[in-house]
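Take a look at the structure set out below.
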Amino acid sequence: MRGLPEFVLRAALALAAAAAPCRAAEVFQTGSVRLRLGGEASASIAEQDLGYFNNQEYDQNVLRLVRLRLTTELQLGHHLSVLGEARHTNRDTPRVYALYVRVRPWLKIPFDLQAGQVPPVFGAYPRRSYAADNPLVGEPLGYQYLTSLRADAAPARVADLLLMRGRGWRVRYPLGNTNAAPGLSAISTLRWDTGVQAHVESDVFEAAVAVTQGSPSHPVVRDDNGGKGLSARVAWRSGTGLTAGLSASRARYLDGDVERLVGRGSRVQRALGTDVEYTRGRWRLRFEGFTSGWDLPVADAAVPDRTLTAWTAMAEVRVKLFPGWSVAGRADRLDFGGIDGGTGLTPWDHAMTRYEAGVNFTPHRHAVLKLAFQRDLRDGGSVRHYSFIVGQVLLWF
Amino acid sequence: MVLILLCLLLARPLAAQAQSDAAPRPPLTGTIRGHVTVSRPTAPLASRPTVAELGSPPAGEMPDRRRSVVYLESAPLGAFEEPSGPNVVLDQRNQAFVPYVLAIPSGTTVNFPNNDKTFHNVFSLSKAKKFDLGRYPRGQSRSVRFDRPGVVRVFCEIHSEMNAFILVFAHRYFSATNDEGRYRILGVPPGTYTLVVWNDGAERERQRVRVPEQGGDVDVDWTVH
C-alpha cells in the first residue's frame with residue numbers, strides 16, 4: 001500500500017484539510033454511480049509523555065499528534081461500493097489504512113459482504129476511533145497501550161519477557177527480529193486487518209463475522225504465518241437506547257518465522273469481549289471490556305507452553321451541558337496475568353490504570369475543541385505515573 | 001307612545017348603518033405570487049463515507065434542496081404585531097428532516113417528532129437559536145420556541161447527512177415554495193418593497209416590486225442560478 005504515489009495521497013489529504021470546514025463532499029453522481037469524500041483533521045498537543053503511556057508506535061503518541069484522514073466511498077450501482085481511507089500522521093508517509101469492496105447481494109435484505117482491508121469486527125471502540133467520535137483525546141488502554149508482546153520476536157526465557165515489562169514502546173527479544181520495536185496493543189486500532197467479512201442486521205439484532213490474515217492485536221495486509229483469524233460480534237439493540245454486544249476472536253498472531261523458531265506449532269491469540277452503550281437525552285454511557293490470551297512458549301517457564309493473559313475494562317460517560325458544550329470522563333484498567341519463572345507467579349507486564357476527564361466545545365458543526373486531563377498509573381517501570389493536560393483541535397467534514 | 005317606540009326601533013338599525021358608513025374601510029392588499037426555478041445543480045446532501053461500518057447503513061430520504069423561501073426584506077408598519085401562530089412540525093423520518101426548509105414567524109414553536117426506528121439528536125448552533133434536544137427514540141417529540149428572527153441550521157448529532165433550515169421572520173410576509181416551486185405571499189399592503197428569494201442556505205436574488213393602491217396580484221417569477 002505504501003507503493004501508491006505519495007504525492008497523490010498528500011494532495012488528497014491536503015484537499016481534505018482545506019475542505020474540512022465544509023460539509024461532506026459529493027464529488028460526483030452520475031446515475032447510480034456516486035463518489036463521496038469525507039475527512040478529518042486533528043491536532044493534539046500535550047507535554048512530553050515520559051512514560052510512553054500514550055504511544056501507538058515508537059514515535060507516535062496519541063496526545064501529540066497531527067493527523068489527516070481522508071475517507072472515500074465510490075458507489076457503483078446499488079449493490080457494490082469501494083471504500084477507502086488514507087491517513088497522514090505527523091511527518092510520516094501517507095498510508096492507505098482501509099481499502100475494501102462492499103457488496104449487498106439483495107437490496108431488501110440488510111446483509112453485506114466486505115472484502116479487502118476491512119473494519120475490525122471485535123468490540124465497539126475500534127470502529128469509532130475517529131477523533132470526532134471520541135469525546136476525549138486519549139484512547140482506551142486495551143486498544144492503544146503497547147504491551148511487551150511482539151509478533152515478529154519472542155523471548156527465549158521468562159527473564160527476557162519480564163525485563164521488557166512497562167517498555168512496550170521499545171521491545172527487544174532474542175528470538176526472531178532482534179531489533180527494538182514497539183510491542184502489540186491488546187487490540188489494535190492503528191491498522192485494519194485484511195480479509196472477508198459478512199454482516200447482517202435487523203432493528204434489534206446485528207451480527208458480523210470476519211476471516212482475516214492477521215489477529216486483533218496484529219492486523220496485517222499480507223499473511224505472515226499461513227493462518228487465518230476468525231472474529232465475530234453479535235449485538236442487541238433495545239428500543240430504549242441500550243445496545244449490548246459480545247465479541248470473540250481466535251487468530252494466529254506470531255510471524256511464521258518466529259513460530260518456527262519457538263517450535264511446537266502455531267501460536268494463537270484468543271479474545272472475548274463485551275460492550276454496552278446506553279444513551280438517553282443528554283447522557284451517553286459506554287462500557288467495554290475484554291480478555292485476551294496469547295500462546296507464547298517460554299523455555300524455562302514452569303508451564304512452558306503458557307498462554308499470556310490480559311484483561312481490560314473501561315467505562316465512559318459523556319454529558320451535554322449546553323448546546324455546543326459537553327463534558328466526558330473515562331476510567332480504564334488493563335491488567336496482566338502471571339507467568340512463573342521459578343520464583344512464583346509474576347505479571348508478565350505492568351498493569352495500567354488511566355483516568356481522563358475533559359470538556360468539549362463545538363463552536364461550529366464541523367469543528368470541535370477539546371481540553372482534557374489525563375492521569376496514568378502503572379504498577380512498575382521507570383515512570384510509574386504521569387499527568388497530562390491535553391488539547392485537541394478537530395475539523396471534520 | 002307607540003310612535004316613540006316605533007322611532008326607537010327604527011333608529012337602532014339606522015344608527016348601526018351610520019356607524020358602518022363612518023368606519024374606515026379595510027385597506028386593499030395585494031398578493032405577491034410566482035414560481036421559483038432552481039437551475040443550478042442540487043445534488044442530494046451526502047453523508048460521510050461509511051468506511052468504518054460493517055455494512056451499508058439504511059439509505060435516508062433525500063431532502064428537496066430546490067425548496068426556496070420568498071420574502072419581503074422590510075415589512076410594512078404593523079406587520080410585526082401579528083400574534084404567533086400554532087405549533088408547526090419538522091418531522092424526522094427516513095433519516096431526514098421533513099421539510100428541508102421551514103419558514104415561520106418569530107414566536108412560533110416547532111415540534112420535532114422522531115418517526116424513525118433509530119434515535120435522533122436534534123441540535124443547532126446557529127446564532128438565532130442554539131439548542132440541543134438530546135437523544136430520543138421513535139414516538140417521542142421535543143419542542144423549541146423560536147423568538148429571534150434569523151436562519152437556524154438544524155442537524156442531527158448522530159446522522160451527519162441530516163440537516164434542515166428554519167427561517168424565522170419578524171413579520172408574516174414570506175412564503176416557502178411548494179413541491180412545484182410556487183409561492184404566494186398574501187395580504188401585502190400597497191407599496192414598494194424589496195423581494196428576496198432564498199435557496200439552500202443563501203439569498204440568491206432580490207428585486208423591487210410594487211403592490212398597487214388598488215391591491216391585486218403581482219406576479220414575480222425567479223430563476224435561481
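In the C-alpha cells, chains take letters A, B, ... by order of appearance, with residues numbered from 1 within each chain and ligands from 1 in the order shown.
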List as a tab-separated table every residue of chain A that is in contact with chain B, defined as an atom at most 8 Å from one of its atoms (using only C-alpha atoms), together with the nearest atom pair and the distance in Å rounded to one decimal, sorted by chain and then rising number.
residue	atom	partner	partner_atom	distance
A:Ala24	CA	B:Arg48	CA	5.7
A:Ala25	CA	B:Ala46	CA	6.6
A:Glu26	CA	B:Ala46	CA	5.8
A:Gln29	CA	B:Ala43	CA	7.8
A:Arg36	CA	B:Pro49	CA	6.2
A:Leu37	CA	B:Pro49	CA	6.3
A:Gly38	CA	B:Arg48	CA	5.3
A:Thr71	CA	B:Pro49	CA	6.2
A:Thr72	CA	B:Pro49	CA	5.6
A:Glu73	CA	B:Pro49	CA	5.2
A:Leu83	CA	B:Val51	CA	5.8
A:Gly84	CA	B:Val51	CA	6.5
A:Glu85	CA	B:Val51	CA	7.2
A:Ala98	CA	B:Val51	CA	7.8
A:Arg102	CA	B:Gly55	CA	7.4
A:Arg104	CA	B:Ser56	CA	7.7
A:Pro110	CA	B:Ser56	CA	7.6
A:Phe111	CA	B:Gly55	CA	7.3
A:Asp112	CA	B:Gly55	CA	5.3
A:Leu113	CA	B:Gly55	CA	7.4
A:Gln114	CA	B:Gly55	CA	7.6
A:Pro119	CA	B:Ala52	CA	5.6
A:Val121	CA	B:Leu54	CA	7.4
A:Arg127	CA	B:Ala52	CA	5.3
A:Arg128	CA	B:Ala52	CA	7.2
A:Ala198	CA	B:Leu54	CA	7.9
A:His199	CA	B:Gly55	CA	6.1
A:Val200	CA	B:Gly55	CA	7.7
A:Asp203	CA	B:Lys117	CA	7.3
A:Ala208	CA	B:Leu54	CA	7.3
A:Gly239	CA	B:Pro137	CA	7.0
A:Thr240	CA	B:Pro137	CA	6.7
A:Gly241	CA	B:Phe119	CA	7.3
A:Thr279	CA	B:Arg135	CA	7.0
A:Arg280	CA	B:Arg135	CA	5.3
A:Gly281	CA	B:Gly134	CA	4.2
A:Arg282	CA	B:Gly134	CA	4.8
A:Trp283	CA	B:Gly134	CA	7.9
A:Lys320	CA	B:Gly134	CA	7.9
A:Phe322	CA	B:Asp132	CA	7.2
A:Pro323	CA	B:Asp132	CA	5.1
A:Gly324	CA	B:Leu125	CA	6.7
A:Pro363	CA	B:Leu125	CA	7.3
A:His364	CA	B:Leu125	CA	6.7
A:Arg365	CA	B:Leu125	CA	7.2
A:Phe397	CA	B:Arg48	CA	7.2
Test item, strand (DSSP E) assignment across range 67-256 of chain A, answer as number ranges by chain: A: 67-76, 80-89, 95-103, 111-117, 153-154, 175-176, 194-201, 205-212, 229-237, 242-252
Close residues, Glu57 in chain A itself excluded, 10 Å, only C-alpha atoms, min 2 positions apart in chain, as a PyMOL selection string: chain A and resi 52+54-55+59-62+144-146+168-170+181-185+190
Since we have the selection now, will you write its residues out, keeping C-alpha atoms, as a JSON list (two decimals), in the first residue's frame?
[["chain", "number", "residue", "atom", "x", "y", "z"],
["A", 52, "TYR", "CA", 5.27, 6.42, 26.79],
["A", 54, "ASN", "CA", 0.03, 7.00, 25.09],
["A", 55, "ASN", "CA", 2.29, 5.69, 22.36],
["A", 59, "ASP", "CA", 7.36, 7.80, 17.73],
["A", 60, "GLN", "CA", 3.61, 8.24, 17.59],
["A", 61, "ASN", "CA", 1.94, 9.48, 20.73],
["A", 62, "VAL", "CA", -1.83, 9.91, 20.75],
["A", 144, "GLN", "CA", -3.89, 1.62, 22.48],
["A", 145, "TYR", "CA", -1.42, 0.73, 25.25],
["A", 146, "LEU", "CA", 1.61, -1.11, 23.92],
["A", 168, "GLY", "CA", 6.03, -1.67, 25.23],
["A", 169, "TRP", "CA", 7.11, 1.34, 23.24],
["A", 170, "ARG", "CA", 10.50, -0.25, 22.57],
["A", 181, "ALA", "CA", 10.43, -2.16, 18.03],
["A", 182, "PRO", "CA", 7.08, -1.30, 19.60],
["A", 183, "GLY", "CA", 5.03, -4.07, 21.19],
["A", 184, "LEU", "CA", 1.46, -5.00, 20.40],
["A", 185, "SER", "CA", -1.64, -3.43, 21.84],
["A", 190, "LEU", "CA", -3.81, 1.55, 14.39]]
Nearest-residue call for Asp219 in chain B, choices B:Glu205, B:Leu195, B:Ser141, B:Ala164, using only C-alpha atoms: B:Leu195
Those of chain B in DSSP helix (DSSP H, G or I), formatted as a ChimeraX atom specification: /B:2-22,79-81
Kindly save the residues from that selection, with N, CA and C atoms included, as a PDB file, in the first residue's frame.
ATOM      1  N   VAL B   2     -96.688  54.806  21.188  1.00  0.00           N
ATOM      2  CA  VAL B   2     -96.384  53.824  20.128  1.00  0.00           C
ATOM      3  C   VAL B   2     -95.457  54.431  19.094  1.00  0.00           C
ATOM      4  N   LEU B   3     -95.690  55.719  18.841  1.00  0.00           N
ATOM      5  CA  LEU B   3     -94.848  56.408  17.843  1.00  0.00           C
ATOM      6  C   LEU B   3     -93.382  56.495  18.317  1.00  0.00           C
ATOM      7  N   ILE B   4     -93.258  56.730  19.653  1.00  0.00           N
ATOM      8  CA  ILE B   4     -91.894  56.840  20.201  1.00  0.00           C
ATOM      9  C   ILE B   4     -91.159  55.515  20.069  1.00  0.00           C
ATOM     10  N   LEU B   5     -91.916  54.410  20.455  1.00  0.00           N
ATOM     11  CA  LEU B   5     -91.309  53.081  20.369  1.00  0.00           C
ATOM     12  C   LEU B   5     -90.901  52.770  18.927  1.00  0.00           C
ATOM     13  N   LEU B   6     -91.795  53.112  17.999  1.00  0.00           N
ATOM     14  CA  LEU B   6     -91.513  52.856  16.589  1.00  0.00           C
ATOM     15  C   LEU B   6     -90.261  53.609  16.138  1.00  0.00           C
ATOM     16  N   CYS B   7     -90.163  54.839  16.632  1.00  0.00           N
ATOM     17  CA  CYS B   7     -88.978  55.643  16.281  1.00  0.00           C
ATOM     18  C   CYS B   7     -87.688  55.006  16.813  1.00  0.00           C
ATOM     19  N   LEU B   8     -87.788  54.498  18.087  1.00  0.00           N
ATOM     20  CA  LEU B   8     -86.590  53.875  18.685  1.00  0.00           C
ATOM     21  C   LEU B   8     -86.167  52.625  17.914  1.00  0.00           C
ATOM     22  N   LEU B   9     -87.178  51.779  17.580  1.00  0.00           N
ATOM     23  CA  LEU B   9     -86.865  50.552  16.849  1.00  0.00           C
ATOM     24  C   LEU B   9     -86.222  50.849  15.500  1.00  0.00           C
ATOM     25  N   LEU B  10     -86.708  51.847  14.834  1.00  0.00           N
ATOM     26  CA  LEU B  10     -86.163  52.201  13.529  1.00  0.00           C
ATOM     27  C   LEU B  10     -84.790  52.874  13.659  1.00  0.00           C
ATOM     28  N   ALA B  11     -84.669  53.593  14.784  1.00  0.00           N
ATOM     29  CA  ALA B  11     -83.428  54.355  14.968  1.00  0.00           C
ATOM     30  C   ALA B  11     -82.207  53.449  15.139  1.00  0.00           C
ATOM     31  N   ARG B  12     -82.314  52.266  15.777  1.00  0.00           N
ATOM     32  CA  ARG B  12     -81.156  51.381  16.056  1.00  0.00           C
ATOM     33  C   ARG B  12     -80.479  50.911  14.761  1.00  0.00           C
ATOM     34  N   PRO B  13     -81.333  50.337  13.828  1.00  0.00           N
ATOM     35  CA  PRO B  13     -80.644  49.929  12.592  1.00  0.00           C
ATOM     36  C   PRO B  13     -80.076  51.105  11.827  1.00  0.00           C
ATOM     37  N   LEU B  14     -80.726  52.223  11.870  1.00  0.00           N
ATOM     38  CA  LEU B  14     -80.221  53.384  11.138  1.00  0.00           C
ATOM     39  C   LEU B  14     -78.891  53.859  11.728  1.00  0.00           C
ATOM     40  N   ALA B  15     -78.838  53.821  13.089  1.00  0.00           N
ATOM     41  CA  ALA B  15     -77.584  54.216  13.751  1.00  0.00           C
ATOM     42  C   ALA B  15     -76.459  53.271  13.381  1.00  0.00           C
ATOM     43  N   ALA B  16     -76.810  51.973  13.385  1.00  0.00           N
ATOM     44  CA  ALA B  16     -75.800  50.975  13.024  1.00  0.00           C
ATOM     45  C   ALA B  16     -75.299  51.217  11.618  1.00  0.00           C
ATOM     46  N   GLN B  17     -76.223  51.527  10.731  1.00  0.00           N
ATOM     47  CA  GLN B  17     -75.848  51.790   9.335  1.00  0.00           C
ATOM     48  C   GLN B  17     -74.923  52.998   9.250  1.00  0.00           C
ATOM     49  N   ALA B  18     -75.265  54.034  10.059  1.00  0.00           N
ATOM     50  CA  ALA B  18     -74.437  55.228  10.045  1.00  0.00           C
ATOM     51  C   ALA B  18     -73.030  54.928  10.550  1.00  0.00           C
ATOM     52  N   GLN B  19     -72.949  54.086  11.653  1.00  0.00           N
ATOM     53  CA  GLN B  19     -71.635  53.706  12.183  1.00  0.00           C
ATOM     54  C   GLN B  19     -70.826  52.976  11.131  1.00  0.00           C
ATOM     55  N   SER B  20     -71.526  52.062  10.435  1.00  0.00           N
ATOM     56  CA  SER B  20     -70.859  51.273   9.408  1.00  0.00           C
ATOM     57  C   SER B  20     -70.289  52.163   8.324  1.00  0.00           C
ATOM     58  N   ASP B  21     -71.038  53.175   7.946  1.00  0.00           N
ATOM     59  CA  ASP B  21     -70.563  54.074   6.899  1.00  0.00           C
ATOM     60  C   ASP B  21     -69.359  54.890   7.370  1.00  0.00           C
ATOM     61  N   ALA B  22     -69.340  55.209   8.695  1.00  0.00           N
ATOM     62  CA  ALA B  22     -68.255  56.042   9.205  1.00  0.00           C
ATOM     63  C   ALA B  22     -66.960  55.258   9.419  1.00  0.00           C
ATOM     64  N   ALA B  79     -46.879  45.041  10.633  1.00  0.00           N
ATOM     65  CA  ALA B  79     -46.693  43.620  10.315  1.00  0.00           C
ATOM     66  C   ALA B  79     -46.044  42.865  11.452  1.00  0.00           C
ATOM     67  N   PHE B  80     -45.411  43.614  12.388  1.00  0.00           N
ATOM     68  CA  PHE B  80     -44.672  42.959  13.451  1.00  0.00           C
ATOM     69  C   PHE B  80     -45.544  42.681  14.665  1.00  0.00           C
ATOM     70  N   GLU B  81     -46.810  43.077  14.578  1.00  0.00           N
ATOM     71  CA  GLU B  81     -47.676  42.898  15.730  1.00  0.00           C
ATOM     72  C   GLU B  81     -48.582  41.692  15.594  1.00  0.00           C
TER      73      GLU B  81
END
Counting only C-alpha atoms, the option among B:Glu73, B:Thr108, B:Asp91, B:Arg33 closest to Asp221 in chain B: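 Distance minimum relative to Asp221 in chain B lands on B:Arg33.
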Shell around Gly77 in chain A at 12 Å using only C-alpha atoms, local window under 4 positions removed, as a VMD selection string: chain A and resid 29 to 35 81 to 82 102 to 105 107
Let me see the file: selected residues, N, CA and C atoms, as a PDB file, in the first residue's frame.
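For reference, result20.pdb as written:
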ATOM      1  N   GLN A  29     -22.078  12.519  -9.072  1.00  0.00           N
ATOM      2  CA  GLN A  29     -23.104  11.489  -9.127  1.00  0.00           C
ATOM      3  C   GLN A  29     -23.608  11.410 -10.550  1.00  0.00           C
ATOM      4  N   THR A  30     -23.464  10.232 -11.118  1.00  0.00           N
ATOM      5  CA  THR A  30     -23.966  10.005 -12.464  1.00  0.00           C
ATOM      6  C   THR A  30     -24.780   8.727 -12.418  1.00  0.00           C
ATOM      7  N   GLY A  31     -26.071   8.873 -12.532  1.00  0.00           N
ATOM      8  CA  GLY A  31     -26.920   7.688 -12.425  1.00  0.00           C
ATOM      9  C   GLY A  31     -26.737   7.070 -11.053  1.00  0.00           C
ATOM     10  N   SER A  32     -26.408   5.811 -11.033  1.00  0.00           N
ATOM     11  CA  SER A  32     -26.231   5.134  -9.751  1.00  0.00           C
ATOM     12  C   SER A  32     -24.761   5.079  -9.342  1.00  0.00           C
ATOM     13  N   VAL A  33     -23.909   5.793 -10.040  1.00  0.00           N
ATOM     14  CA  VAL A  33     -22.503   5.887  -9.647  1.00  0.00           C
ATOM     15  C   VAL A  33     -22.317   7.173  -8.853  1.00  0.00           C
ATOM     16  N   ARG A  34     -21.724   7.031  -7.691  1.00  0.00           N
ATOM     17  CA  ARG A  34     -21.662   8.166  -6.779  1.00  0.00           C
ATOM     18  C   ARG A  34     -20.340   8.126  -6.019  1.00  0.00           C
ATOM     19  N   LEU A  35     -19.663   9.244  -5.969  1.00  0.00           N
ATOM     20  CA  LEU A  35     -18.396   9.320  -5.236  1.00  0.00           C
ATOM     21  C   LEU A  35     -18.523  10.343  -4.125  1.00  0.00           C
ATOM     22  N   SER A  81     -19.917  -1.144  -3.627  1.00  0.00           N
ATOM     23  CA  SER A  81     -19.202   0.086  -3.259  1.00  0.00           C
ATOM     24  C   SER A  81     -17.735  -0.246  -3.032  1.00  0.00           C
ATOM     25  N   VAL A  82     -16.892   0.728  -3.309  1.00  0.00           N
ATOM     26  CA  VAL A  82     -15.474   0.619  -2.969  1.00  0.00           C
ATOM     27  C   VAL A  82     -15.190   1.707  -1.938  1.00  0.00           C
ATOM     28  N   ARG A 102     -17.566  -3.440  -0.797  1.00  0.00           N
ATOM     29  CA  ARG A 102     -18.766  -3.838  -0.047  1.00  0.00           C
ATOM     30  C   ARG A 102     -19.820  -4.274  -1.062  1.00  0.00           C
ATOM     31  N   VAL A 103     -20.336  -5.451  -0.844  1.00  0.00           N
ATOM     32  CA  VAL A 103     -21.349  -5.991  -1.756  1.00  0.00           C
ATOM     33  C   VAL A 103     -22.627  -6.231  -0.980  1.00  0.00           C
ATOM     34  N   ARG A 104     -23.720  -5.721  -1.504  1.00  0.00           N
ATOM     35  CA  ARG A 104     -25.032  -6.022  -0.909  1.00  0.00           C
ATOM     36  C   ARG A 104     -25.801  -6.846  -1.949  1.00  0.00           C
ATOM     37  N   PRO A 105     -25.821  -8.165  -1.767  1.00  0.00           N
ATOM     38  CA  PRO A 105     -26.421  -9.021  -2.811  1.00  0.00           C
ATOM     39  C   PRO A 105     -27.905  -8.753  -3.032  1.00  0.00           C
ATOM     40  N   LEU A 107     -30.991  -6.091  -2.205  1.00  0.00           N
ATOM     41  CA  LEU A 107     -31.210  -4.721  -1.706  1.00  0.00           C
ATOM     42  C   LEU A 107     -32.135  -4.675  -0.511  1.00  0.00           C
TER      43      LEU A 107
END
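Counting from CA of Gln207 in chain B, the distance to CA of Val220 in chain B is 9.2 Å.
In this model, the gap between CA of Ala248 in chain A and CA of Phe336 in chain A comes to 18.8 Å.
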CA of His225 in chain B to CA of Arg40 in chain B, straight-line distance in Å: 4.9 Å
For Leu285 in chain A, the nearest of the candidates A:Val317, A:Ala124, A:Leu242, A:Leu230, counting only C-alpha atoms: A:Val317
Contacts of Asp193 in chain A at 9 Å (only C-alpha atoms; same-chain gap of 2+ positions) as number ranges by chain: A: 98, 116-120, 191, 195, 212-216, 218-221
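Of the residues under consideration (B:Arg204, B:His171, B:Arg65, B:Arg145), B:Arg145 shows the shortest atom-to-atom contact distance to Gly107 in chain B when counting only C-alpha atoms.
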Surrounding residues of Phe165 in chain B excluding itself and chain neighbours under 4 positions, 7 Å, only C-alpha atoms, as a list in words: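 Within the cut-off, the hits are Tyr100, Val101, Leu102, Val151, Val152, Arg153 and Val154 of chain B.
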Contacts of range 294-297 of chain A at 12 Å (only C-alpha atoms; same-chain gap of 2+ positions) as a PyMOL selection string: chain A and resi 147-151+153-158+161+175+184-187+215-218+249-254+258-271+291-292+299-311+336-337+339+348
